[in-house]
$ cat protein_20.tsv   # TSV, C-alpha atoms
chain	number	residue	atom	x	y	z
M	1	MET	CA	-16.20	-1.61	5.18
M	2	THR	CA	-19.02	-3.97	4.59
M	3	GLY	CA	-22.57	-3.00	4.01
M	4	HIS	CA	-23.96	-5.36	1.42
M	5	GLY	CA	-27.59	-5.82	2.27
M	6	ASN	CA	-28.44	-6.89	5.80
M	7	SER	CA	-27.16	-10.45	5.72
M	8	LYS	CA	-23.89	-11.80	7.02
M	9	THR	CA	-21.47	-13.28	4.51
M	10	THR	CA	-19.76	-16.61	5.10
M	11	PRO	CA	-15.98	-16.58	5.67
M	12	MET	CA	-15.37	-18.25	2.30
M	13	VAL	CA	-17.40	-15.61	0.47
M	14	SER	CA	-15.58	-12.81	2.31
M	15	LEU	CA	-12.18	-14.32	1.47
M	16	LEU	CA	-12.92	-14.81	-2.23
M	17	ALA	CA	-14.70	-11.49	-2.76
M	18	GLY	CA	-12.08	-9.63	-0.76
M	19	GLY	CA	-9.18	-11.09	-2.70
M	20	ILE	CA	-10.66	-10.41	-6.14
M	21	SER	CA	-11.74	-6.87	-5.26
M	22	GLY	CA	-8.26	-6.08	-3.97
M	23	VAL	CA	-6.58	-7.27	-7.17
M	24	ILE	CA	-8.91	-5.24	-9.39
M	25	ALA	CA	-8.58	-2.08	-7.31
M	26	LYS	CA	-4.79	-2.22	-6.99
M	27	SER	CA	-4.19	-2.98	-10.66
M	28	THR	CA	-6.32	0.03	-11.57
M	29	ILE	CA	-4.11	2.46	-9.67
M	30	ALA	CA	-0.73	0.66	-9.98
M	31	PRO	CA	0.92	3.53	-11.93
M	32	LEU	CA	0.14	6.00	-9.17
M	33	GLU	CA	1.40	3.56	-6.57
M	34	ARG	CA	4.80	3.35	-8.22
M	35	VAL	CA	4.99	7.13	-8.54
M	36	LYS	CA	4.11	7.46	-4.85
M	37	ILE	CA	6.92	5.11	-3.80
M	38	LEU	CA	9.45	7.01	-5.94
M	39	PHE	CA	8.34	10.24	-4.28
M	40	GLN	CA	8.55	8.76	-0.80
M	41	VAL	CA	12.10	7.44	-1.14
M	42	LYS	CA	13.32	10.52	-3.05
M	43	SER	CA	14.68	8.71	-6.11
M	44	LYS	CA	17.71	10.46	-7.61
M	45	PHE	CA	17.08	9.35	-11.17
M	46	TYR	CA	13.39	10.22	-10.99
M	47	SER	CA	13.51	13.59	-9.27
M	48	VAL	CA	10.66	15.30	-11.12
M	49	ASN	CA	8.42	17.13	-8.64
M	50	SER	CA	5.08	16.52	-10.33
M	51	VAL	CA	2.99	13.40	-10.80
M	52	TYR	CA	2.49	14.02	-14.51
M	53	GLY	CA	6.18	14.81	-15.08
M	54	LEU	CA	7.32	11.72	-13.21
M	55	MET	CA	4.95	9.46	-15.13
M	56	LYS	CA	6.24	10.93	-18.41
M	57	SER	CA	9.81	10.22	-17.33
M	58	ILE	CA	9.00	6.61	-16.46
M	59	ILE	CA	7.30	6.06	-19.85
M	60	LYS	CA	10.22	7.67	-21.66
M	61	ASN	CA	12.85	5.59	-19.89
M	62	GLU	CA	11.05	2.30	-19.41
M	63	GLY	CA	8.03	2.30	-21.69
M	64	ILE	CA	4.36	2.23	-20.72
M	65	GLY	CA	4.90	-1.05	-18.89
M	66	GLY	CA	7.20	0.75	-16.47
M	67	LEU	CA	4.15	2.29	-14.81
M	68	TRP	CA	3.09	-1.20	-13.71
M	69	LYS	CA	6.54	-2.33	-12.58
M	70	GLY	CA	6.17	-4.29	-9.38
M	71	ASN	CA	2.47	-4.93	-10.00
M	72	THR	CA	2.99	-8.68	-10.34
M	73	ALA	CA	4.32	-8.73	-6.80
M	74	THR	CA	1.40	-6.50	-5.82
M	75	ILE	CA	-1.11	-8.99	-7.19
M	76	LEU	CA	0.62	-11.90	-5.45
M	77	ARG	CA	0.46	-9.95	-2.23
M	78	ILE	CA	-2.89	-8.22	-2.54
M	79	PHE	CA	-5.09	-11.26	-3.10
M	80	PRO	CA	-4.30	-12.93	0.24
M	81	TYR	CA	-3.88	-9.56	1.91
M	82	SER	CA	-7.24	-8.18	0.83
M	83	ALA	CA	-8.96	-11.51	1.41
M	84	ILE	CA	-7.69	-11.74	4.98
M	85	GLN	CA	-8.40	-8.06	5.63
M	86	TRP	CA	-12.04	-8.21	4.55
M	87	ALA	CA	-12.73	-11.62	6.09
M	88	SER	CA	-11.12	-10.65	9.41
M	89	TYR	CA	-13.02	-7.40	9.61
M	90	ASP	CA	-16.31	-9.07	8.69
M	91	TYR	CA	-15.77	-11.76	11.30
M	92	LEU	CA	-14.83	-9.32	14.07
M	93	LYS	CA	-17.64	-6.94	13.21
M	94	ASN	CA	-20.29	-9.65	13.11
M	95	ASN	CA	-19.15	-11.54	16.20
M	96	PHE	CA	-17.52	-9.05	18.57
M	97	VAL	CA	-18.89	-5.60	17.79
M	98	THR	CA	-21.91	-5.36	20.08
M	99	ASP	CA	-22.90	-1.85	19.02
M	100	LYS	CA	-22.73	-1.34	15.26
M	101	LYS	CA	-23.06	2.42	15.83
M	102	SER	CA	-20.00	2.56	18.07
M	103	SER	CA	-17.13	4.21	16.21
M	104	VAL	CA	-14.70	3.00	18.88
M	105	GLN	CA	-15.67	-0.66	18.42
M	106	ILE	CA	-15.54	-0.35	14.64
M	107	PHE	CA	-12.14	1.36	14.98
M	108	ILE	CA	-10.80	-1.58	16.98
M	109	ALA	CA	-12.29	-4.21	14.66
M	110	GLY	CA	-10.93	-2.47	11.57
M	111	SER	CA	-7.44	-2.07	13.05
M	112	ALA	CA	-7.34	-5.68	14.24
M	113	GLY	CA	-8.48	-7.10	10.90
M	114	PHE	CA	-6.03	-4.93	9.00
M	115	SER	CA	-3.17	-5.96	11.30
M	116	CYS	CA	-3.93	-9.65	10.70
M	117	ALA	CA	-3.60	-9.14	6.97
M	118	ILE	CA	-0.33	-7.24	7.37
M	119	LEU	CA	1.27	-9.87	9.59
M	120	LEU	CA	0.45	-12.69	7.18
M	121	THR	CA	1.47	-10.98	3.91
M	122	TYR	CA	4.15	-8.42	4.83
M	123	PRO	CA	7.16	-9.97	3.01
M	124	LEU	CA	5.34	-9.59	-0.33
M	125	ASP	CA	4.88	-5.87	0.39
M	126	VAL	CA	8.64	-5.50	0.91
M	127	ILE	CA	9.28	-7.25	-2.42
M	128	ARG	CA	6.79	-4.97	-4.19
M	129	ALA	CA	8.43	-1.81	-2.83
M	130	ARG	CA	11.88	-2.93	-3.96
M	131	LEU	CA	10.66	-3.93	-7.40
M	132	ALA	CA	9.11	-0.48	-7.78
M	133	LEU	CA	12.59	1.02	-7.36
M	134	ALA	CA	14.07	-1.07	-10.16
M	135	TYR	CA	14.83	0.75	-13.40
M	136	ASN	CA	16.10	-0.20	-16.85
M	137	ASN	CA	19.33	0.47	-18.70
M	138	ASN	CA	17.52	3.03	-20.85
M	139	ILE	CA	17.57	5.79	-18.23
M	140	ASN	CA	19.18	8.85	-19.72
M	141	ASN	CA	22.08	9.93	-17.52
M	142	ASN	CA	23.91	12.20	-19.94
M	143	ASN	CA	23.93	15.01	-17.41
M	144	ASN	CA	25.59	12.90	-14.69
M	145	ASN	CA	29.30	12.90	-14.01
M	146	ASN	CA	31.47	9.80	-14.41
M	147	ASN	CA	30.99	8.76	-10.80
M	148	ASN	CA	27.24	8.90	-11.20
M	149	LYS	CA	27.53	6.82	-14.35
M	150	LEU	CA	29.55	4.23	-12.48
M	151	ASN	CA	27.00	4.15	-9.68
M	152	LEU	CA	24.16	3.85	-12.18
M	153	THR	CA	25.88	0.90	-13.86
M	154	LYS	CA	26.28	-0.90	-10.54
M	155	GLN	CA	22.73	-0.16	-9.49
M	156	THR	CA	21.35	-1.20	-12.86
M	157	GLN	CA	23.02	-4.57	-12.40
M	158	GLN	CA	21.32	-4.83	-9.04
M	159	SER	CA	17.99	-3.82	-10.56
M	160	ASN	CA	18.33	-6.60	-13.13
M	161	VAL	CA	18.35	-9.04	-10.24
M	162	LEU	CA	15.31	-7.30	-8.79
M	163	LYS	CA	13.45	-7.70	-12.06
M	164	ASN	CA	13.80	-11.46	-11.82
M	165	GLY	CA	10.95	-11.33	-9.35
M	166	ILE	CA	10.63	-13.00	-5.98
M	167	GLY	CA	13.52	-15.38	-6.59
M	168	GLY	CA	15.78	-12.47	-7.48
M	169	THR	CA	14.82	-10.64	-4.33
M	170	ILE	CA	15.62	-13.70	-2.23
M	171	ASN	CA	19.07	-13.90	-3.82
M	172	ILE	CA	19.65	-10.24	-3.01
M	173	GLU	CA	18.70	-10.76	0.61
M	174	ARG	CA	21.06	-13.70	0.95
M	175	SER	CA	24.23	-12.44	-0.64
M	176	ILE	CA	24.50	-8.81	-1.78
M	177	ASN	CA	25.83	-5.85	0.18
M	178	PHE	CA	23.91	-2.64	-0.58
M	179	ASN	CA	25.63	0.56	0.55
M	180	GLY	CA	27.02	-1.15	3.63
M	181	TYR	CA	23.81	-2.96	4.59
M	182	LYS	CA	24.48	-6.67	4.25
M	183	THR	CA	21.50	-8.86	5.00
M	184	LYS	CA	22.24	-12.56	5.21
M	185	ASP	CA	19.15	-13.26	7.28
M	186	LEU	CA	16.41	-13.67	4.66
M	187	PHE	CA	13.61	-13.74	7.22
M	188	LYS	CA	14.80	-10.56	8.94
M	189	GLY	CA	15.34	-8.76	5.64
M	190	LEU	CA	11.87	-9.48	4.31
M	191	TRP	CA	10.26	-8.28	7.55
M	192	ARG	CA	12.17	-5.00	7.64
M	193	GLY	CA	9.81	-2.13	8.47
M	194	ILE	CA	7.06	-4.27	10.03
M	195	LEU	CA	6.76	-2.15	13.20
M	196	PRO	CA	5.97	1.18	11.50
M	197	THR	CA	3.56	-0.72	9.26
M	198	LEU	CA	1.70	-2.13	12.25
M	199	TYR	CA	1.76	1.24	14.01
M	200	GLY	CA	0.36	2.86	10.88
M	201	SER	CA	-2.35	0.23	10.45
M	202	ILE	CA	-4.05	1.36	13.65
M	203	PRO	CA	-4.96	4.91	12.58
M	204	TYR	CA	-5.28	3.99	8.90
M	205	ALA	CA	-7.73	1.12	9.21
M	206	GLY	CA	-9.36	2.38	12.38
M	207	VAL	CA	-10.13	5.82	10.99
M	208	GLY	CA	-11.02	4.43	7.56
M	209	TYR	CA	-13.49	1.79	8.68
M	210	SER	CA	-15.10	3.85	11.44
M	211	SER	CA	-15.49	6.84	9.12
M	212	PHE	CA	-17.06	4.75	6.40
M	213	GLU	CA	-19.52	3.13	8.80
M	214	TYR	CA	-20.46	6.60	10.01
M	215	PHE	CA	-21.05	7.81	6.46
M	216	LYS	CA	-23.27	4.79	5.83
M	217	ARG	CA	-25.34	5.54	8.92
M	218	ILE	CA	-26.00	9.10	7.81
M	219	ALA	CA	-26.66	8.28	4.14
M	220	PRO	CA	-29.67	10.37	3.03
M	221	ASN	CA	-32.69	8.82	1.36
M	222	SER	CA	-31.72	10.48	-1.89
M	223	CYS	CA	-28.65	8.22	-1.97
M	224	ARG	CA	-30.65	5.03	-1.47
M	225	ASN	CA	-32.66	2.98	-3.97
M	226	GLU	CA	-36.25	1.83	-3.58
M	227	LYS	CA	-35.08	-1.11	-1.42
M	228	GLY	CA	-33.24	1.20	0.93
M	229	ASP	CA	-29.81	0.05	-0.18
M	230	ILE	CA	-27.07	2.66	-0.48
M	231	MET	CA	-26.25	3.62	-4.05
M	232	GLY	CA	-22.87	2.87	-5.57
M	233	ILE	CA	-21.92	6.49	-6.20
M	234	TYR	CA	-22.39	7.30	-2.53
M	235	LYS	CA	-20.17	4.36	-1.55
M	236	LEU	CA	-17.58	5.45	-4.10
M	237	ILE	CA	-17.33	9.00	-2.77
M	238	THR	CA	-17.62	8.34	0.95
M	239	GLY	CA	-15.31	5.32	0.72
M	240	GLY	CA	-12.72	7.56	-0.89
M	241	ILE	CA	-13.13	10.22	1.80
M	242	ALA	CA	-12.83	7.64	4.57
M	243	GLY	CA	-9.71	6.19	2.99
M	244	GLY	CA	-8.24	9.67	2.63
M	245	LEU	CA	-8.81	10.43	6.30
M	246	GLY	CA	-7.17	7.18	7.34
M	247	GLN	CA	-4.25	7.70	4.99
M	248	THR	CA	-3.63	11.21	6.32
M	249	ALA	CA	-3.50	9.93	9.89
M	250	ALA	CA	-1.04	7.16	9.04
M	251	TYR	CA	1.04	8.66	6.22
M	252	PRO	CA	4.17	9.70	8.18
M	253	LEU	CA	4.50	6.12	9.38
M	254	ASP	CA	4.07	4.93	5.78
M	255	VAL	CA	7.02	7.11	4.71
M	256	VAL	CA	9.17	5.69	7.52
M	257	ARG	CA	8.14	2.18	6.49
M	258	ARG	CA	9.15	2.71	2.85
M	259	ARG	CA	12.47	4.28	3.83
M	260	ILE	CA	13.31	1.33	6.08
M	261	GLN	CA	12.15	-1.26	3.54
M	262	THR	CA	14.20	0.16	0.67
M	263	THR	CA	17.38	1.25	2.45
M	264	GLY	CA	20.26	0.05	0.28
M	265	TYR	CA	18.03	-0.85	-2.67
M	266	GLY	CA	17.95	1.12	-5.90
M	267	ASP	CA	18.71	4.84	-5.75
M	268	GLY	CA	16.13	5.92	-3.19
M	269	LYS	CA	16.88	7.75	0.03
M	270	GLY	CA	16.80	5.31	2.93
M	271	VAL	CA	17.42	5.81	6.63
M	272	ASP	CA	20.67	6.66	8.41
M	273	ASN	CA	20.53	3.83	10.91
M	274	LEU	CA	18.39	0.72	10.59
M	275	LYS	CA	18.83	0.06	14.31
M	276	HIS	CA	16.84	3.16	15.23
M	277	GLY	CA	13.24	2.67	16.28
M	278	THR	CA	10.26	3.78	14.23
M	279	PHE	CA	9.59	7.02	16.04
M	280	LYS	CA	13.28	7.93	16.35
M	281	THR	CA	13.61	7.45	12.59
M	282	MET	CA	10.54	9.62	12.04
M	283	PHE	CA	12.00	12.35	14.25
M	284	THR	CA	15.33	12.16	12.39
M	285	ILE	CA	13.60	12.62	9.03
M	286	PHE	CA	11.62	15.54	10.45
M	287	GLN	CA	14.76	17.10	11.94
M	288	LYS	CA	16.89	16.78	8.77
M	289	GLU	CA	14.32	17.22	6.03
M	290	GLY	CA	11.37	19.00	7.62
M	291	ILE	CA	7.72	18.08	8.07
M	292	TYR	CA	7.17	18.08	4.31
M	293	ALA	CA	9.33	14.93	3.94
M	294	LEU	CA	6.92	12.98	6.16
M	295	PHE	CA	4.04	13.83	3.84
M	296	LYS	CA	5.83	13.78	0.50
M	297	GLY	CA	3.74	11.90	-2.05
M	298	ILE	CA	0.52	12.21	-0.07
M	299	SER	CA	-1.14	14.15	-2.88
M	300	ILE	CA	-0.79	11.04	-5.03
M	301	ASN	CA	-2.60	9.10	-2.33
M	302	TYR	CA	-5.43	11.60	-2.43
M	303	ILE	CA	-5.59	11.23	-6.20
M	304	LYS	CA	-5.70	7.44	-6.06
M	305	VAL	CA	-7.64	6.89	-2.83
M	306	ILE	CA	-11.12	7.49	-4.27
M	307	PRO	CA	-10.82	5.05	-7.20
M	308	THR	CA	-8.96	2.51	-5.04
M	309	ASN	CA	-11.43	2.45	-2.19
M	310	GLY	CA	-14.40	2.94	-4.49
M	311	VAL	CA	-13.49	0.11	-6.86
M	312	ALA	CA	-12.56	-2.21	-3.99
M	313	PHE	CA	-15.72	-1.48	-2.06
M	314	LEU	CA	-18.13	-1.77	-4.99
M	315	THR	CA	-16.44	-4.91	-6.28
M	316	TYR	CA	-16.49	-6.49	-2.85
M	317	GLU	CA	-20.16	-5.66	-2.32
M	318	THR	CA	-21.13	-6.95	-5.75
M	319	LEU	CA	-19.16	-10.17	-5.43
M	320	CYS	CA	-20.48	-10.85	-1.93
M	321	ASP	CA	-24.05	-10.50	-3.16
M	322	TYR	CA	-23.32	-12.66	-6.21
M	323	PHE	CA	-21.54	-15.47	-4.37
M	324	SER	CA	-24.06	-15.43	-1.54
M	325	SER	CA	-26.96	-15.69	-3.97
M	326	LYS	CA	-25.29	-18.62	-5.73
M	327	LEU	CA	-24.80	-20.42	-2.42
M	328	ASN	CA	-28.40	-19.77	-1.40
M	329	ASN	CA	-29.72	-21.07	-4.73
M	330	ASN	CA	-27.75	-24.25	-4.29
$ encode --input "protein_20.tsv" --output "structure tokens"
Amino acid sequence: MTGHGNSKTTPMVSLLAGGISGVIAKSTIAPLERVKILFQVKSKFYSVNSVYGLMKSIIKNEGIGGLWKGNTATILRIFPYSAIQWASYDYLKNNFVTDKKSSVQIFIAGSAGFSCAILLTYPLDVIRARLALAYNNNINNNNNNNNNKLNLTKQTQQSNVLKNGIGGTINIERSINFNGYKTKDLFKGLWRGILPTLYGSIPYAGVGYSSFEYFKRIAPNSCRNEKGDIMGIYKLITGGIAGGLGQTAAYPLDVVRRRIQTTGYGDGKGVDNLKHGTFKTMFTIFQKEGIYALFKGISINYIKVIPTNGVAFLTYETLCDYFSSKLNNN
């Protein structure tokens, strides 16, 4: 979603600016990201049906820091992920897109760049999702029966391993049996859910990038400064809209991805059979839980998508201009 001036950025500038912008944007909306994951996997111990109510429950049980649980893994993942995503898209757009007004070519470039980032950083996304399901001993389970208390005790022990970070997650993958799913193959376990992620990246990135480029092309003069550059507020709003459109197109696949990633971890609702394909799993969820289950938590995405895309885009543009000017001066 580049559009900083008329000059091309170097790969190093794109990588650095992309990584930093991703970290800032994701850290800003980390609380909503955790709430979204809890909605998607239908957590038993966090079953409140409102964003505000769920955030209150997390703060009550885990403290304010609970809203950022898993964000360390997010930062470790998002810097290389965002860097590769932006740099790949910039490279493909500048070198292979022959018609900058072609939504189809932009769609392909955006999807390809996004897929590159996913393939190279996916295990860290799995770790982040599982850390988001971890919860502390302070959860109030007074209304649960004795069996639920026993299950909570066992799962809390598992969550303590999760909270150890990446090393803890690796130990889990190597040795622990979760609800009948025993994963001794570390590589396979950390790549669980990659296919629905790649499937979802096509409509998400394709629609997002092509929509944003379209919005830039039709930007009115009232949204440009005296140099003809698009104003930040216009980028903020249209970037959010473009991200929302892409997220809507890909969201059912995102739900399937989270269910597959977190099956057997924490108290979330996973999938019945990990051997089923992506689309069979999606159909099973639709058949058993209805269409709503495939879009559960999407309202949180709409709430977070404008600040996420806006902050990322503005930060990326600003940093690209700054780093490029420094290089030119030298």
$ atom_distance --input "protein_20.tsv" --atom1 "atom CA of M:Trp191" --atom2 "atom CA of M:Ser115"
14.1 Å
$ closest_residue --input "protein_20.tsv" --among "M:Ala109, M:Leu198, M:Lys216, M:Gly240" --to "M:Lys304" --atoms "only C-alpha atoms"
M:Gly240
$ residues_around --input "protein_20.tsv" --residues "M:Tyr209" --least-positions-apart "6" --cutoff "8 Å" --atoms "only C-alpha atoms" --output "ChimeraX atom specification"
/M:1,106-107,110,242
$ write_last_selection --input "protein_20.tsv" --atoms "C-alpha atoms" --output "mmCIF file, in the coordinates of the input"
data_model
loop_
_atom_site.group_PDB
_atom_site.id
_atom_site.type_symbol
_atom_site.label_atom_id
_atom_site.label_comp_id
_atom_site.auth_asym_id
_atom_site.auth_seq_id
_atom_site.Cartn_x
_atom_site.Cartn_y
_atom_site.Cartn_z
ATOM 1 C CA MET M 1 -16.200 -1.610 5.180
ATOM 2 C CA ILE M 106 -15.540 -0.350 14.640
ATOM 3 C CA PHE M 107 -12.140 1.360 14.980
ATOM 4 C CA GLY M 110 -10.930 -2.470 11.570
ATOM 5 C CA ALA M 242 -12.830 7.640 4.570
#
$ closest_residue --input "protein_20.tsv" --among "M:Thr248, M:Ser211, M:Ser102, M:Gly22" --to "M:Trp86" --atoms "only C-alpha atoms"
M:Gly22
$ closest_residue --input "protein_20.tsv" --among "M:Asn71, M:Thr238, M:Thr197, M:Asn309" --to "M:Arg259" --atoms "only C-alpha atoms"
M:Thr197
$ residues_around --input "protein_20.tsv" --residues "M:Val255" --least-positions-apart "4" --cutoff "9 Å" --atoms "all atoms listed in the file" --output "PyMOL selection string"
chain M and resi 37+40-41+251+259-260+282+293-297
$ write_last_selection --input "protein_20.tsv" --atoms "C-alpha atoms" --output "mmCIF file, in the coordinates of the input"
data_model
loop_
_atom_site.group_PDB
_atom_site.id
_atom_site.type_symbol
_atom_site.label_atom_id
_atom_site.label_comp_id
_atom_site.auth_asym_id
_atom_site.auth_seq_id
_atom_site.Cartn_x
_atom_site.Cartn_y
_atom_site.Cartn_z
ATOM 1 C CA ILE M 37 6.920 5.110 -3.800
ATOM 2 C CA GLN M 40 8.550 8.760 -0.800
ATOM 3 C CA VAL M 41 12.100 7.440 -1.140
ATOM 4 C CA TYR M 251 1.040 8.660 6.220
ATOM 5 C CA ARG M 259 12.470 4.280 3.830
ATOM 6 C CA ILE M 260 13.310 1.330 6.080
ATOM 7 C CA MET M 282 10.540 9.620 12.040
ATOM 8 C CA ALA M 293 9.330 14.930 3.940
ATOM 9 C CA LEU M 294 6.920 12.980 6.160
ATOM 10 C CA PHE M 295 4.040 13.830 3.840
ATOM 11 C CA LYS M 296 5.830 13.780 0.500
ATOM 12 C CA GLY M 297 3.740 11.900 -2.050
#
$ closest_residue --input "protein_20.tsv" --among "M:Leu92, M:Ile75, M:Cys223, M:Ile300" --to "M:Arg34" --atoms "only C-alpha atoms"
M:Ile300
$ residues_around --input "protein_20.tsv" --residues "M:Ser324" --least-positions-apart "5" --cutoff "9 Å" --atoms "only C-alpha atoms" --output "ChimeraX atom specification"
/M:9-10,13,319,329
$ closest_residue --input "protein_20.tsv" --among "M:Asp99, M:Tyr234, M:Gly53, M:Phe283" --to "M:Asn221" --atoms "all atoms listed in the file"
M:Tyr234
$ closest_residue --input "protein_20.tsv" --among "M:Thr281, M:Ser88, M:Ser222, M:Thr308" --to "M:Gly244" --atoms "all atoms listed in the file"
M:Thr308
$ atom_distance --input "protein_20.tsv" --atom1 "atom CA of M:Pro11" --atom2 "atom CA of M:Ala87"
5.9 Å
$ atom_distance --input "protein_20.tsv" --atom1 "atom CA of M:Leu32" --atom2 "atom CA of M:Gly65"
12.9 Å
$ residues_around --input "protein_20.tsv" --residues "M:Phe323" --least-positions-apart "4" --cutoff "12 Å" --atoms "only C-alpha atoms" --output "JSON, numbers by chain"
{"M": [4, 9, 10, 11, 12, 13, 14, 15, 16, 17, 18, 315, 316, 317, 318, 319, 327, 328, 329, 330]}
$ residues_around --input "protein_20.tsv" --residues "M:Ile194" --least-positions-apart "4" --cutoff "12 Å" --atoms "all atoms listed in the file" --output "VMD selection string"
chain M and resid 115 118 to 126 187 to 190 198 to 201 253 to 254 256 to 261 277 to 278
$ residues_near_point --input "protein_20.tsv" --point "(-14.1, 7.8, 0.6)" --cutoff "12 Å" --atoms "all atoms listed in the file" --output "ChimeraX atom specification"
/M:1,207-216,232-247,301-314
$ axis_aligned_box --input "protein_20.tsv" --around "stretch 225-230 of chain M" --padding-each-side "6 Å" --output "AutoDock Vina command-line options"
--center_x -31.7 --center_y 0.9 --center_z -1.5 --size_x 21.2 --size_y 16.1 --size_z 16.9
